Each structure stands twice: as structure tokens, then as C-alpha cells.
$ cat input12.txt   # compact mmCIF, C-alpha atoms
# COMPACT_ATOMS: atom_id res chain seq x y z
CA MET A 1 0.00 0.00 0.00
CA ARG A 2 1.34 3.40 -0.99
CA LYS A 3 2.30 5.59 1.93
CA LYS A 4 0.87 9.08 2.05
CA LYS A 5 3.42 11.79 1.31
CA ILE A 6 3.44 14.97 3.34
CA VAL A 7 5.54 18.11 3.04
CA ILE A 8 5.94 20.07 6.27
CA ALA A 9 7.05 23.70 5.95
CA LEU A 10 8.54 24.94 9.22
CA GLY A 11 8.22 28.66 9.85
CA HIS A 12 10.43 30.98 11.87
CA ASP A 13 8.75 30.00 15.16
CA ALA A 14 9.86 26.40 14.62
CA LEU A 15 13.53 27.38 14.25
CA GLY A 16 14.30 30.34 16.48
CA THR A 17 16.89 33.00 15.67
CA THR A 18 20.09 32.55 17.67
CA LEU A 19 22.21 29.40 17.91
CA PRO A 20 20.81 28.35 21.34
CA GLU A 21 17.23 29.18 20.24
CA GLN A 22 17.64 27.08 17.10
CA LYS A 23 18.91 24.10 19.10
CA ARG A 24 15.88 24.23 21.39
CA ALA A 25 13.38 24.95 18.60
CA THR A 26 14.53 22.11 16.35
CA LYS A 27 14.05 19.62 19.21
CA LYS A 28 10.43 20.73 19.54
CA ALA A 29 9.89 20.64 15.76
CA ALA A 30 11.44 17.15 15.63
CA LYS A 31 8.76 15.79 18.00
CA ALA A 32 5.98 16.95 15.65
CA VAL A 33 7.78 15.60 12.57
CA VAL A 34 8.39 12.18 14.15
CA ASP A 35 4.71 11.91 15.15
CA PHE A 36 3.90 11.90 11.43
CA ILE A 37 6.67 9.41 10.67
CA LYS A 38 5.39 7.13 13.45
CA ASP A 39 2.02 7.12 11.68
CA ASP A 40 3.74 5.86 8.52
CA TYR A 41 3.79 9.04 6.46
CA GLN A 42 6.61 9.68 4.01
CA VAL A 43 7.88 13.03 5.22
CA VAL A 44 9.74 15.84 3.50
CA ILE A 45 10.62 18.91 5.53
CA SER A 46 11.25 22.43 4.31
CA HIS A 47 12.02 25.42 6.50
CA SER A 48 12.45 29.16 6.70
CA ASN A 49 15.87 30.80 7.01
CA GLY A 50 15.15 34.53 7.32
CA PRO A 51 17.10 35.40 10.49
CA GLN A 52 19.83 32.87 9.72
CA VAL A 53 20.59 33.96 6.15
CA GLY A 54 20.46 37.60 7.29
CA MET A 55 23.00 36.85 10.00
CA ILE A 56 25.29 35.03 7.56
CA HIS A 57 25.03 37.79 4.92
CA THR A 58 25.76 40.49 7.53
CA ALA A 59 28.74 38.57 8.94
CA MET A 60 30.25 37.94 5.50
CA ALA A 61 29.70 41.55 4.39
CA GLU A 62 31.34 42.83 7.56
CA PHE A 63 34.27 40.46 7.08
CA CYS A 64 34.72 41.74 3.53
CA ARG A 65 34.58 45.34 4.76
CA ILE A 66 37.33 44.74 7.30
CA TYR A 67 39.43 42.64 4.90
CA PRO A 68 38.93 44.17 1.41
CA GLU A 69 41.26 41.61 -0.18
CA TYR A 70 38.50 39.01 0.24
CA THR A 71 35.70 38.94 -2.31
CA ALA A 72 32.09 39.59 -1.30
CA THR A 73 29.83 36.59 -0.67
CA PRO A 74 26.87 36.34 -3.09
CA MET A 75 23.35 35.86 -1.72
CA SER A 76 23.17 32.40 -3.32
CA VAL A 77 26.21 31.28 -1.30
CA CYS A 78 24.74 32.74 1.91
CA SER A 79 21.55 30.78 1.19
CA ALA A 80 23.58 27.58 0.72
CA MET A 81 25.35 28.20 4.04
CA SER A 82 22.03 28.68 5.83
CA GLN A 83 20.66 25.40 4.41
CA GLY A 84 23.64 23.50 5.80
CA TYR A 85 23.57 25.33 9.14
CA ILE A 86 19.84 24.75 9.77
CA GLY A 87 19.76 21.29 8.20
CA TYR A 88 22.58 20.16 10.49
CA ASP A 89 20.61 20.97 13.65
CA LEU A 90 17.27 19.82 12.25
CA GLN A 91 18.38 16.43 10.92
CA ASN A 92 20.25 15.64 14.14
CA ALA A 93 17.23 16.62 16.26
CA ILE A 94 14.96 14.37 14.15
CA ARG A 95 17.48 11.51 14.26
CA THR A 96 17.68 11.73 18.06
CA GLU A 97 13.89 11.82 18.42
CA LEU A 98 13.53 8.79 16.12
CA LEU A 99 16.09 6.74 18.06
CA ASN A 100 14.48 7.76 21.37
CA ARG A 101 11.28 6.13 20.08
CA GLY A 102 13.04 3.04 18.78
CA ILE A 103 12.71 4.00 15.11
CA TYR A 104 15.64 3.78 12.69
CA LYS A 105 15.32 5.87 9.55
CA PRO A 106 18.08 7.87 7.87
CA VAL A 107 17.59 11.65 7.73
CA SER A 108 19.29 13.63 4.96
CA THR A 109 19.60 17.33 4.19
CA ILE A 110 19.75 18.05 0.47
CA LEU A 111 21.50 21.23 -0.58
CA THR A 112 18.73 22.35 -2.91
CA GLN A 113 18.89 24.70 -5.89
CA VAL A 114 15.65 26.15 -7.21
CA CYS A 115 15.42 27.49 -10.76
CA VAL A 116 13.82 30.87 -11.32
CA ASP A 117 12.83 32.68 -14.51
CA PRO A 118 15.33 35.45 -15.43
CA TYR A 119 12.40 37.42 -16.86
CA ASP A 120 10.30 37.14 -13.69
CA ASP A 121 8.79 40.56 -13.00
CA ALA A 122 10.14 40.38 -9.44
CA PHE A 123 13.66 41.13 -10.74
CA TYR A 124 12.42 44.54 -11.90
CA HIS A 125 10.72 45.24 -8.56
CA PRO A 126 12.93 43.96 -5.71
CA THR A 127 11.24 44.12 -2.30
CA LYS A 128 13.03 41.79 0.14
CA GLU A 129 15.23 43.58 2.68
CA ILE A 130 18.45 41.75 3.56
CA GLY A 131 21.58 42.34 5.59
CA ARG A 132 22.43 45.05 8.08
CA VAL A 133 21.39 48.70 8.11
CA MET A 134 23.98 50.85 6.32
CA GLU A 135 25.13 54.47 6.32
CA ALA A 136 24.61 56.64 3.21
CA GLU A 137 28.21 56.15 2.03
CA GLU A 138 27.96 52.35 2.24
CA ALA A 139 24.59 52.40 0.49
CA GLU A 140 26.07 54.43 -2.37
CA ALA A 141 28.90 51.88 -2.71
CA GLU A 142 26.32 49.07 -2.91
CA GLU A 143 24.44 50.86 -5.68
CA LYS A 144 27.67 51.30 -7.63
CA LYS A 145 28.02 47.51 -7.54
CA GLY A 146 24.60 47.27 -9.20
CA ASN A 147 22.69 46.33 -6.05
CA HIS A 148 19.35 47.87 -5.03
CA VAL A 149 19.14 49.89 -1.83
CA ILE A 150 16.23 51.59 -0.05
CA LYS A 151 16.09 54.17 2.73
CA THR A 152 14.66 52.90 6.01
CA SER A 153 13.86 54.60 9.30
CA ASN A 154 17.32 53.68 10.63
CA GLY A 155 19.42 54.22 7.51
CA TYR A 156 19.73 52.23 4.29
CA GLN A 157 19.26 48.56 3.50
CA ARG A 158 19.83 46.37 0.49
CA ILE A 159 16.81 44.80 -1.21
CA VAL A 160 16.64 41.82 -3.57
CA ALA A 161 14.01 40.21 -5.79
CA ALA A 162 11.67 37.40 -4.70
CA PRO A 163 10.94 35.47 -7.94
CA LYS A 164 8.62 32.47 -8.20
CA PRO A 165 10.15 28.95 -8.19
CA VAL A 166 10.03 27.22 -11.59
CA ASP A 167 11.81 23.91 -10.96
CA ILE A 168 13.94 22.10 -8.37
CA VAL A 169 17.34 20.94 -9.63
CA GLU A 170 17.78 18.11 -7.11
CA ILE A 171 14.21 16.78 -7.35
CA ASP A 172 15.34 13.35 -8.67
CA ALA A 173 17.63 12.90 -5.65
CA ILE A 174 14.78 13.87 -3.31
CA ARG A 175 12.45 11.37 -5.00
CA ALA A 176 15.08 8.61 -4.81
CA LEU A 177 15.52 9.12 -1.06
CA LEU A 178 11.76 9.08 -0.57
CA GLU A 179 11.48 5.83 -2.54
CA ALA A 180 14.07 4.40 -0.13
CA ASP A 181 11.71 5.45 2.71
CA GLN A 182 14.15 8.04 4.07
CA ILE A 183 13.35 11.42 5.62
CA VAL A 184 14.40 14.39 3.54
CA ILE A 185 15.05 18.03 4.43
CA ALA A 186 15.04 20.11 1.24
CA CYS A 187 14.40 23.57 -0.23
CA GLY A 188 15.47 25.25 3.01
CA GLY A 189 14.77 28.97 2.99
CA GLY A 190 13.13 28.68 -0.41
CA GLY A 191 16.17 26.96 -1.90
CA ILE A 192 19.23 28.51 -3.52
CA PRO A 193 17.85 30.63 -6.39
CA VAL A 194 19.64 29.81 -9.65
CA LEU A 195 19.36 30.70 -13.33
CA ALA A 196 19.88 27.97 -15.94
CA GLN A 197 22.40 29.11 -18.55
CA GLY A 198 23.03 26.24 -20.96
CA ASN A 199 24.63 23.46 -18.90
CA GLN A 200 25.55 25.83 -16.09
CA LEU A 201 23.61 27.12 -13.11
CA LYS A 202 24.29 30.68 -11.99
CA GLY A 203 23.30 31.89 -8.54
CA ALA A 204 20.70 34.66 -8.68
CA SER A 205 20.77 37.74 -6.47
CA ALA A 206 17.38 36.94 -5.01
CA VAL A 207 15.47 35.06 -2.35
CA ILE A 208 12.50 32.75 -2.91
CA GLU A 209 9.50 32.75 -0.57
CA LYS A 210 10.01 29.55 1.42
CA ASP A 211 6.31 28.65 1.26
CA SER A 212 6.30 28.98 -2.54
CA ALA A 213 9.32 26.69 -2.81
CA ALA A 214 7.82 24.20 -0.34
CA GLY A 215 4.61 24.19 -2.39
CA LYS A 216 6.58 23.52 -5.59
CA LEU A 217 8.39 20.70 -3.77
CA ALA A 218 5.06 19.22 -2.66
CA GLU A 219 3.76 19.44 -6.23
CA LEU A 220 6.83 17.78 -7.79
CA ILE A 221 6.87 14.81 -5.40
CA ASP A 222 3.08 14.46 -5.77
CA ALA A 223 2.43 14.92 -2.06
CA ASP A 224 -1.00 14.23 -0.62
CA ARG A 225 -0.81 16.95 2.01
CA PHE A 226 1.12 20.16 2.50
CA VAL A 227 1.37 21.41 6.09
CA ILE A 228 2.44 25.03 6.66
CA LEU A 229 3.45 25.72 10.25
CA THR A 230 3.35 29.38 11.17
CA GLY A 231 2.92 31.69 14.17
CA VAL A 232 -0.89 31.68 14.28
CA GLU A 233 -3.37 28.90 14.95
CA LYS A 234 -5.72 29.72 12.07
CA VAL A 235 -5.89 31.92 9.01
CA CYS A 236 -8.10 34.90 9.86
CA LEU A 237 -10.13 37.47 8.00
CA ASN A 238 -9.71 41.07 9.20
CA PHE A 239 -6.57 39.92 11.01
CA GLY A 240 -5.53 42.07 13.97
CA THR A 241 -8.83 43.94 14.20
CA GLU A 242 -11.85 43.68 16.48
CA GLN A 243 -13.68 42.04 13.56
CA GLU A 244 -11.14 39.22 13.26
CA ILE A 245 -12.78 35.97 12.04
CA PRO A 246 -10.84 32.65 12.23
CA ILE A 247 -11.32 30.35 9.22
CA ASP A 248 -11.70 26.61 9.80
CA GLU A 249 -11.66 25.71 6.10
CA MET A 250 -11.84 27.36 2.71
CA THR A 251 -11.87 26.40 -0.94
CA ILE A 252 -9.28 27.75 -3.35
CA ASP A 253 -12.00 29.87 -4.99
CA GLN A 254 -12.75 31.46 -1.64
CA ALA A 255 -9.01 31.94 -1.08
CA ARG A 256 -8.71 33.78 -4.40
CA GLN A 257 -11.64 36.00 -3.46
CA TYR A 258 -10.05 36.86 -0.10
CA ILE A 259 -6.79 37.73 -1.90
CA GLN A 260 -8.69 40.12 -4.19
CA GLU A 261 -10.23 41.73 -1.11
CA GLY A 262 -6.73 42.30 0.31
CA GLN A 263 -7.34 40.09 3.35
CA PHE A 264 -3.82 38.62 3.49
CA GLU A 265 -0.71 40.65 4.14
CA ALA A 266 2.20 40.42 1.70
CA GLY A 267 5.24 38.76 3.24
CA THR A 268 3.22 36.98 5.95
CA MET A 269 0.00 35.10 5.15
CA LEU A 270 -0.33 35.95 1.44
CA PRO A 271 2.58 33.71 0.25
CA LYS A 272 1.12 30.81 2.25
CA ILE A 273 -2.32 31.15 0.65
CA GLU A 274 -0.80 31.55 -2.82
CA ALA A 275 1.35 28.44 -2.26
CA ALA A 276 -1.76 26.51 -1.15
CA ILE A 277 -3.65 27.51 -4.30
CA GLU A 278 -0.71 26.56 -6.55
CA PHE A 279 -0.23 23.18 -4.86
CA ILE A 280 -3.89 22.13 -4.93
CA GLY A 281 -4.50 23.27 -8.51
CA ASN A 282 -7.27 21.12 -9.97
CA SER A 283 -6.75 18.19 -7.59
CA ALA A 284 -9.78 17.01 -5.66
CA VAL A 285 -7.64 15.03 -3.19
CA ARG A 286 -4.79 17.36 -2.26
CA SER A 287 -5.17 19.53 0.82
CA VAL A 288 -3.19 22.17 2.69
CA TRP A 289 -3.17 22.64 6.46
CA ILE A 290 -2.10 25.98 7.92
CA THR A 291 -1.60 26.08 11.68
CA ARG A 292 0.78 26.77 14.53
CA LEU A 293 3.39 24.30 15.75
CA GLY A 294 2.17 22.75 19.00
CA ALA A 295 3.91 20.36 21.34
CA SER A 296 3.38 17.43 18.99
CA GLY A 297 2.26 16.34 15.58
CA ASP A 298 -0.81 14.79 17.25
CA GLU A 299 -2.01 18.32 18.00
CA ILE A 300 -1.72 19.18 14.32
CA LYS A 301 -3.51 15.99 13.25
CA LYS A 302 -6.39 16.65 15.67
CA PHE A 303 -6.50 19.79 13.67
CA THR A 304 -7.19 23.19 15.07
CA GLY A 305 -5.89 25.12 12.08
CA THR A 306 -7.23 26.07 8.66
CA ILE A 307 -7.66 23.50 5.91
CA VAL A 308 -7.63 24.55 2.24
CA HIS A 309 -9.06 22.27 -0.45
CA LYS A 310 -10.45 22.28 -3.99
$ encode --input "input12.txt" --output "C-alpha cells"
Amino acid sequence: MRKKKIVIALGHDALGTTLPEQKRATKKAAKAVVDFIKDDYQVVISHSNGPQVGMIHTAMAEFCRIYPEYTATPMSVCSAMSQGYIGYDLQNAIRTELLNRGIYKPVSTILTQVCVDPYDDAFYHPTKEIGRVMEAEEAEAEEKKGNHVIKTSNGYQRIVAAPKPVDIVEIDAIRALLEADQIVIACGGGGIPVLAQGNQLKGASAVIEKDSAAGKLAELIDADRFVILTGVEKVCLNFGTEQEIPIDEMTIDQARQYIQEGQFEAGTMLPKIEAAIEFIGNSAVRSVWITRLGASGDEIKKFTGTIVHK
């Protein structure tokens, strides 16, 4: 009998920010993940990397400023570093939790590259703030390098594009590990954005919304369910107001209508709803769960969040 495949997208709350926070957070996330594995799901995990990639980019930029003889570190390399850094803690936390329950399954982190379209409109309208706040002189130097910079309340900050994922380079490796009934961590932080140029892949100066990449991953492995773990228990209409209404379930047509009404904020809930719509497509059997990470996967499966379906 075919096992059900599930992709779990871990948000910032499931990972923490600092090194000690991440260690603690991944142990908690591992308990929820292993609850699904115990129930005989084939599990693929994706995760956010916002604070981590920002920390790496800031550290590498500062190093380059102090030691000009060293070349700057591209965003694609910072993204790769963050995948390894988070994957290391996450896979070890899951491995430990599995062994504590008497389960032996290998856990692998795949350094994942995600192809984007060079003509994606996002490249002409960068919006994602990255790195540290800069002074005017530093911001001018960044612009001379061809980078985009905006003025913030504290100074200046670099911004990059957030294009849509088109394909996943390592998808065959991910499928092979799944067929061997292994646990896979992939597309961390939205994956490393790359542009296909003939037989070569070139890192793009961009970031990919991690929920969009996780949704593409779920689509390409033909997952049955896509679970998005975030900081709120349910998707809400009129979020943050006195008229806030939690949603138990919604169809993708209703989701599209709510998007048109401007119900979901860009950069927070909107990418999650868009990823849900993309993943479900015309399927009558696929579903998306959006909820908060509790103490265990059993809490998620009892289901207190929002379910999205055709």
C-alpha cells in the first residue's frame, strides 16, 4: 500500500533566531515531525531561514569590509550556508527523536537549488530587505556595484528580488531518497535561487519565498498533504482587528476571493495562501493545512488550524 506523502514547511517560530534558540526549537519541531513518521507518512521537511541567512550575509559583508582583499559573498552562497547550518541541527534533532522512540530511519539534508525565470517581473521590482542597516556612504557603494538599496527609518538597507520557483534541480535525488523510505530536508529557505544558462547554473541575487518553494516541492513529489506551520493557529479574515474571524476551512475559490479583497498581508499570510492555491491546482484530493506548531504532531492531526481544499 502506498504511503501518504506529506511536506511540512517549518516557519520561523519552529527554528528560532540565535544558535541556542535554534537548538531548542529544532528539538520541539522534531517531535511533531516524528509523530507523522510514526504514523507511517513519508515526510519531506522544508524550513524558513530569514534570520539565519540575514545573520550570515551580515557577517560575510562585515568580514569583507574589514578585509577588502576578500571577495564579497553572493546571496546564493549565503543561502547555501544557511541550508547546511539549519539542516545540520534539524536532521540531528529528528534523528535523536527517532532513536528515542526506537525508530531507525536515515535523515538527509539536500543542498537544494531552485530554478527561477530570469524574466520574472520580481527582478524589476525587488522588495526583500536583507543584511544590516547601512550608512549613506555604504549604500552608495552598494548601488555602484549594481545592487538595489532603499532608505529605512534607521538608515539604508539592500533589497533583492523574490521570484517564483520554476523547478527544483535536485528533485530526482529527493524522490530517490523518498522511494528508499528516508526522511528528507530540502528547499530550506526557499532553496538557492539559480538561473539555468546552458549546462551551467548561476546563482541569482534573489530570495524565494520559502512557502512557494515548499509548495513547488510538494507538487513535484506528488504529495497528498502540505502542512504550513506558522505563528498563528488559524488563518483569519480582518486579522488584527476587532472584527477578526478565524477560518476553519476554505476552498481555493474562496481563497482567491479573499486575496482580491486584500485580506492577506504580503510577506506573511499571502505567500502561504498563494502556495496553497498553486499546490492544490485542480486536484480534488490534495489539501493544505495551515496552523501553529504545537507540542506534537498529534495536535496538528487533531486539527485546530485552517484547511484549504479544492
$ closest_residue --input "input12.txt" --among "A:Leu177, A:Ala223, A:Val116, A:Pro126" --to "Gln197 in chain A" --atoms "all atoms listed in the file"
A:Val116
$ axis_aligned_box --input "input12.txt" --around "range 259-262 of chain A" --padding-each-side "8 Å" --output "lines of an AutoDock Vina configuration file"
center_x = -8.5
center_y = 40.0
center_z = -1.9
size_x = 19.5
size_y = 20.6
size_z = 20.5
$ closest_residue --input "input12.txt" --among "A:Glu265, A:Ile86, A:Thr58, A:Val44" --to "Leu19 in chain A" --atoms "all atoms listed in the file"
A:Ile86
$ closest_residue --input "input12.txt" --among "A:Asp117, A:Asn92, A:Cys64, A:Val7" --to "Lys202 in chain A" --atoms "all atoms listed in the file"
A:Asp117
$ residues_near_point --input "input12.txt" --point "(11.4, 36.5, -8.6)" --cutoff "10 Å" --atoms "all atoms listed in the file" --output "list in words"
Val116, Asp117, Pro118, Tyr119, Asp120, Asp121, Ala122, Phe123, Tyr124, His125, Pro126, Thr127, Val160, Ala161, Ala162, Pro163, Lys164, Pro165, Val166, Pro193, Ala204, Ser205, Ala206, Val207, Ile208 and Glu209 of chain A
$ atom_distance --input "input12.txt" --atom1 "CA of Gly54 in chain A" --atom2 "CA of Ile174 in chain A"
26.6 Å
$ residues_around --input "input12.txt" --residues "range 151-156 of chain A" --least-positions-apart "4" --cutoff "9 Å" --atoms "only C-alpha atoms" --output "number ranges by chain"
A: 132-136, 138-139
$ closest_residue --input "input12.txt" --among "A:Pro68, A:Lys38, A:Lys272, A:Glu21" --to "Arg101 in chain A" --atoms "only C-alpha atoms"
A:Lys38
$ residues_around --input "input12.txt" --residues "Ile45 in chain A" --least-positions-apart "3" --cutoff "7 Å" --atoms "all atoms listed in the file" --output "PyMOL selection string"
chain A and resi 7-9+184-186
$ residues_around --input "input12.txt" --residues "Gly16 in chain A" --least-positions-apart "6" --cutoff "12 Å" --atoms "all atoms listed in the file" --output "VMD selection string"
chain A and resid 10 22 to 29 47 to 52 86 89 to 90 231
$ closest_atom_pairs --input "input12.txt" --of "range 41-75 of chain A" --to "range 140-143 of chain A" --cutoff "12 Å" --atoms "all atoms listed in the file" --output "CSV"
residue,atom,partner,partner_atom,distance
A:Ala61,CA,A:Glu142,CA,11.0
A:Arg65,CA,A:Ala141,CA,11.4
A:Ala72,CA,A:Glu142,CA,11.2
$ closest_residue --input "input12.txt" --among "A:Val285, A:Leu98, A:Ile280, A:Ala218" --to "Arg175 in chain A" --atoms "only C-alpha atoms"
A:Ala218
$ residues_near_point --input "input12.txt" --point "(-6.6, 32.2, 9.7)" --cutoff "8 Å" --atoms "all atoms listed in the file" --output "number ranges by chain"
A: 232-237, 239, 245-248, 290, 305-306
$ atom_distance --input "input12.txt" --atom1 "CA of Ile273 in chain A" --atom2 "CA of Trp289 in chain A"
10.3 Å
$ build_atoms --input "input12.txt" --residues "range 60-84 of chain A" --atoms "N, CA and C atoms" --output "short mmCIF file (atom, residue, chain, number, x, y, z; two decimals), in the frame of the given file"
data_model
loop_
_atom_site.label_atom_id
_atom_site.label_comp_id
_atom_site.auth_asym_id
_atom_site.auth_seq_id
_atom_site.Cartn_x
_atom_site.Cartn_y
_atom_site.Cartn_z
N MET A 60 29.34 38.02 6.63
CA MET A 60 30.25 37.94 5.50
C MET A 60 30.52 39.32 4.90
N ALA A 61 29.50 40.18 4.89
CA ALA A 61 29.70 41.55 4.39
C ALA A 61 30.64 42.33 5.30
N GLU A 62 30.48 42.14 6.60
CA GLU A 62 31.34 42.83 7.56
C GLU A 62 32.78 42.33 7.44
N PHE A 63 32.94 41.03 7.26
CA PHE A 63 34.27 40.46 7.08
C PHE A 63 34.96 41.06 5.85
N CYS A 64 34.19 41.17 4.76
CA CYS A 64 34.72 41.74 3.53
C CYS A 64 35.07 43.21 3.69
N ARG A 65 34.30 43.92 4.52
CA ARG A 65 34.58 45.34 4.76
C ARG A 65 35.88 45.53 5.52
N ILE A 66 36.11 44.64 6.50
CA ILE A 66 37.33 44.74 7.30
C ILE A 66 38.56 44.26 6.52
N TYR A 67 38.33 43.21 5.69
CA TYR A 67 39.43 42.64 4.90
C TYR A 67 39.08 42.76 3.41
N PRO A 68 39.34 43.92 2.80
CA PRO A 68 38.93 44.17 1.41
C PRO A 68 39.54 43.22 0.39
N GLU A 69 40.62 42.54 0.77
CA GLU A 69 41.26 41.61 -0.18
C GLU A 69 40.39 40.38 -0.43
N TYR A 70 39.42 40.13 0.44
CA TYR A 70 38.50 39.01 0.24
C TYR A 70 37.29 39.46 -0.58
N THR A 71 36.84 38.59 -1.46
CA THR A 71 35.70 38.94 -2.31
C THR A 71 34.39 38.85 -1.52
N ALA A 72 33.40 39.61 -1.96
CA ALA A 72 32.09 39.59 -1.30
C ALA A 72 31.41 38.24 -1.51
N THR A 73 30.53 37.88 -0.60
CA THR A 73 29.83 36.59 -0.67
C THR A 73 28.45 36.79 -1.30
N PRO A 74 28.17 36.17 -2.44
CA PRO A 74 26.87 36.34 -3.09
C PRO A 74 25.73 35.79 -2.23
N MET A 75 24.53 36.32 -2.46
CA MET A 75 23.35 35.86 -1.72
C MET A 75 23.13 34.36 -1.88
N SER A 76 23.39 33.83 -3.08
CA SER A 76 23.17 32.40 -3.32
C SER A 76 24.07 31.54 -2.42
N VAL A 77 25.29 32.01 -2.17
CA VAL A 77 26.21 31.28 -1.30
C VAL A 77 25.75 31.38 0.16
N CYS A 78 25.28 32.57 0.55
CA CYS A 78 24.74 32.74 1.91
C CYS A 78 23.54 31.81 2.13
N SER A 79 22.71 31.68 1.10
CA SER A 79 21.55 30.78 1.19
C SER A 79 22.00 29.33 1.36
N ALA A 80 23.04 28.94 0.60
CA ALA A 80 23.58 27.58 0.72
C ALA A 80 24.12 27.34 2.13
N MET A 81 24.82 28.33 2.68
CA MET A 81 25.35 28.20 4.04
C MET A 81 24.22 28.01 5.04
N SER A 82 23.14 28.77 4.88
CA SER A 82 22.03 28.68 5.83
C SER A 82 21.35 27.31 5.75
N GLN A 83 21.25 26.73 4.54
CA GLN A 83 20.66 25.40 4.41
C GLN A 83 21.46 24.36 5.20
N GLY A 84 22.79 24.44 5.07
CA GLY A 84 23.64 23.50 5.80
C GLY A 84 23.57 23.71 7.30
#
